[in-house]
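Trainee: So that we are looking at the same thing, I have put the structure below in structure tokens.
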Amino acid sequence: TIAIGLVVHVIGEEEEKEQPKVSPVEAAISVMLLGSIGFQMLLFYLVHWDDADIRRYAWRVISQTISIFCAVLLFQGFNGLVEEYLIEGAGEFWEVIIDMGQMVFWLTAMQVMLAVTSGAVNELWGGTKPDMKEVEINVKSLALLLSHVAGFSGINAWGSLQHVVFGQSPLIALLVVPLGMFGLILVYHGFDIFRDYVSKSDDGVVDEYEEKWDDETEECENDVAGLSLSFLTVQAIRFAIGGDLPNTEGGESLSAMRNHGPSEWLVLLACG
């Protein structure tokens with residue numbers, strides 16, 4: 001009996017020695033993996049729920065999430081090319097000018113793409129009117145994607161201006177918000193005149209397709225303004241709390257992150 005006990009004790013010690021220690025990174029990856037699997041299983045339940053409203057809103061949230069991620073990838077890829085070939089080695093003010101031009105480019109692309117998708121410009125080249133149900137689906141899908149891309153370009157443009165010109169203090173950094181709102185209102189007014197001119201250039205009457213183009217574009221413009229201006233406001237608040245203005249992507253340097261204490265965490269949480 002004593003011999004058997006000794007053998008079991010030795011085997012147990014050997015097993016304890018052979019068990020590897022789990023690092024915090026490995027534990028975090030394991031939890032994220034299991035959490036993502038559980039989340040995906042939950043989505044399957046939601047999109048097959050008995051209630052039609054729950055199914056509709058579940059699909060809507062999924063669609064918006066996919067759109068946001070696609071918009072991030074699209075803008076980051078385009079912005080990377082701009083930084084590589086137009087901004088690299090240039091001054092700060094030149095970067096602001098390029099970023100502003102990029103924002104205007106995406107806003108213009110949004111106007112043109114929605115005009116084509118909605119069928120508002122079909123009469124200009126003798127095309128036939130598309131089916132309104134198909135127009136609804138295509139316009140909604142494209143508007144969701146382009147509004148996020150244009151919103152990210154607005155964050156990048158006004159954020160660059162916030163850093164270069166208004167980065168002296170939190171209060172001064174907040175001034176870019178009304179300035180950005182005024183600038184977007186001017187741009188939107190110009191686009192509104194352009195849409196009205198194009199809509200009436202064929203027969204002088206605004207039909208349902210041209211009205212659809214105007215309504216969806218204005219809704220996208222509101223999303224762009226809300227997304228970019230709210231981000232700039234949060235940047236100024238974080239500047240006031242933490243003492244450091246985050247970059248245009250909301251990131252901070254490693255030294256700045258290490259200097260934040262529990263009191264700043266609580267104040268930031270209260271503001272959120």
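Chains: A, B, ... in order of the structure tokens. Residues: from 1 per chain. Ligands: from 1, in order shown.
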Can you pull out every residue within 12 Å of Glu252 (chain A), counting only C-alpha atoms, but drop anything in the same chain fewer than 5 positions away, and send it as number ranges by chain?

Mentor: A: 235, 238-239, 242-247, 257-260

Trainee: Excluding same-chain residues fewer than 5 positions from Leu179 (chain A), what lies within 10 Å of it counting only C-alpha atoms, as JSON, numbers by chain?

Mentor: {"A": [158, 174, 184, 185, 229]}

Trainee: Can I get the selected residues back with N, CA and C atoms, as a PDB file, in the first residue's frame?

Mentor:
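Result file is again16.pdb:
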```
ATOM      1  N   TRP A 158     -11.619  66.975 -40.363  1.00  0.00           N
ATOM      2  CA  TRP A 158     -11.772  67.914 -39.255  1.00  0.00           C
ATOM      3  C   TRP A 158     -10.855  67.552 -38.084  1.00  0.00           C
ATOM      4  N   LEU A 174     -12.389  72.277 -28.867  1.00  0.00           N
ATOM      5  CA  LEU A 174     -13.838  72.158 -29.028  1.00  0.00           C
ATOM      6  C   LEU A 174     -14.377  73.125 -30.084  1.00  0.00           C
ATOM      7  N   LEU A 184     -19.774  72.074 -43.069  1.00  0.00           N
ATOM      8  CA  LEU A 184     -20.607  71.048 -43.686  1.00  0.00           C
ATOM      9  C   LEU A 184     -21.929  71.622 -44.188  1.00  0.00           C
ATOM     10  N   ILE A 185     -22.502  72.586 -43.447  1.00  0.00           N
ATOM     11  CA  ILE A 185     -23.745  73.217 -43.897  1.00  0.00           C
ATOM     12  C   ILE A 185     -23.529  73.917 -45.238  1.00  0.00           C
ATOM     13  N   LEU A 229     -18.901  65.112 -36.204  1.00  0.00           N
ATOM     14  CA  LEU A 229     -18.932  66.138 -35.155  1.00  0.00           C
ATOM     15  C   LEU A 229     -18.994  65.531 -33.762  1.00  0.00           C
TER      16      LEU A 229
END
```

Trainee: Pick out the closest residue to Ser67 (chain A) from this set: A:Thr233, A:Ser253, A:Ser141, A:Gln162. Count only C-alpha atoms.

Mentor: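 Closest to Ser67 (chain A) of all the choices is A:Ser141.
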
Trainee: For Leu142 (chain A), which residue among A:Phe194, A:Trp213, A:Tyr188, A:Tyr85 is the nearest when counting only C-alpha atoms?

Mentor: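 Looking at the shortest contact to Leu142 (chain A), the residue is A:Trp213.
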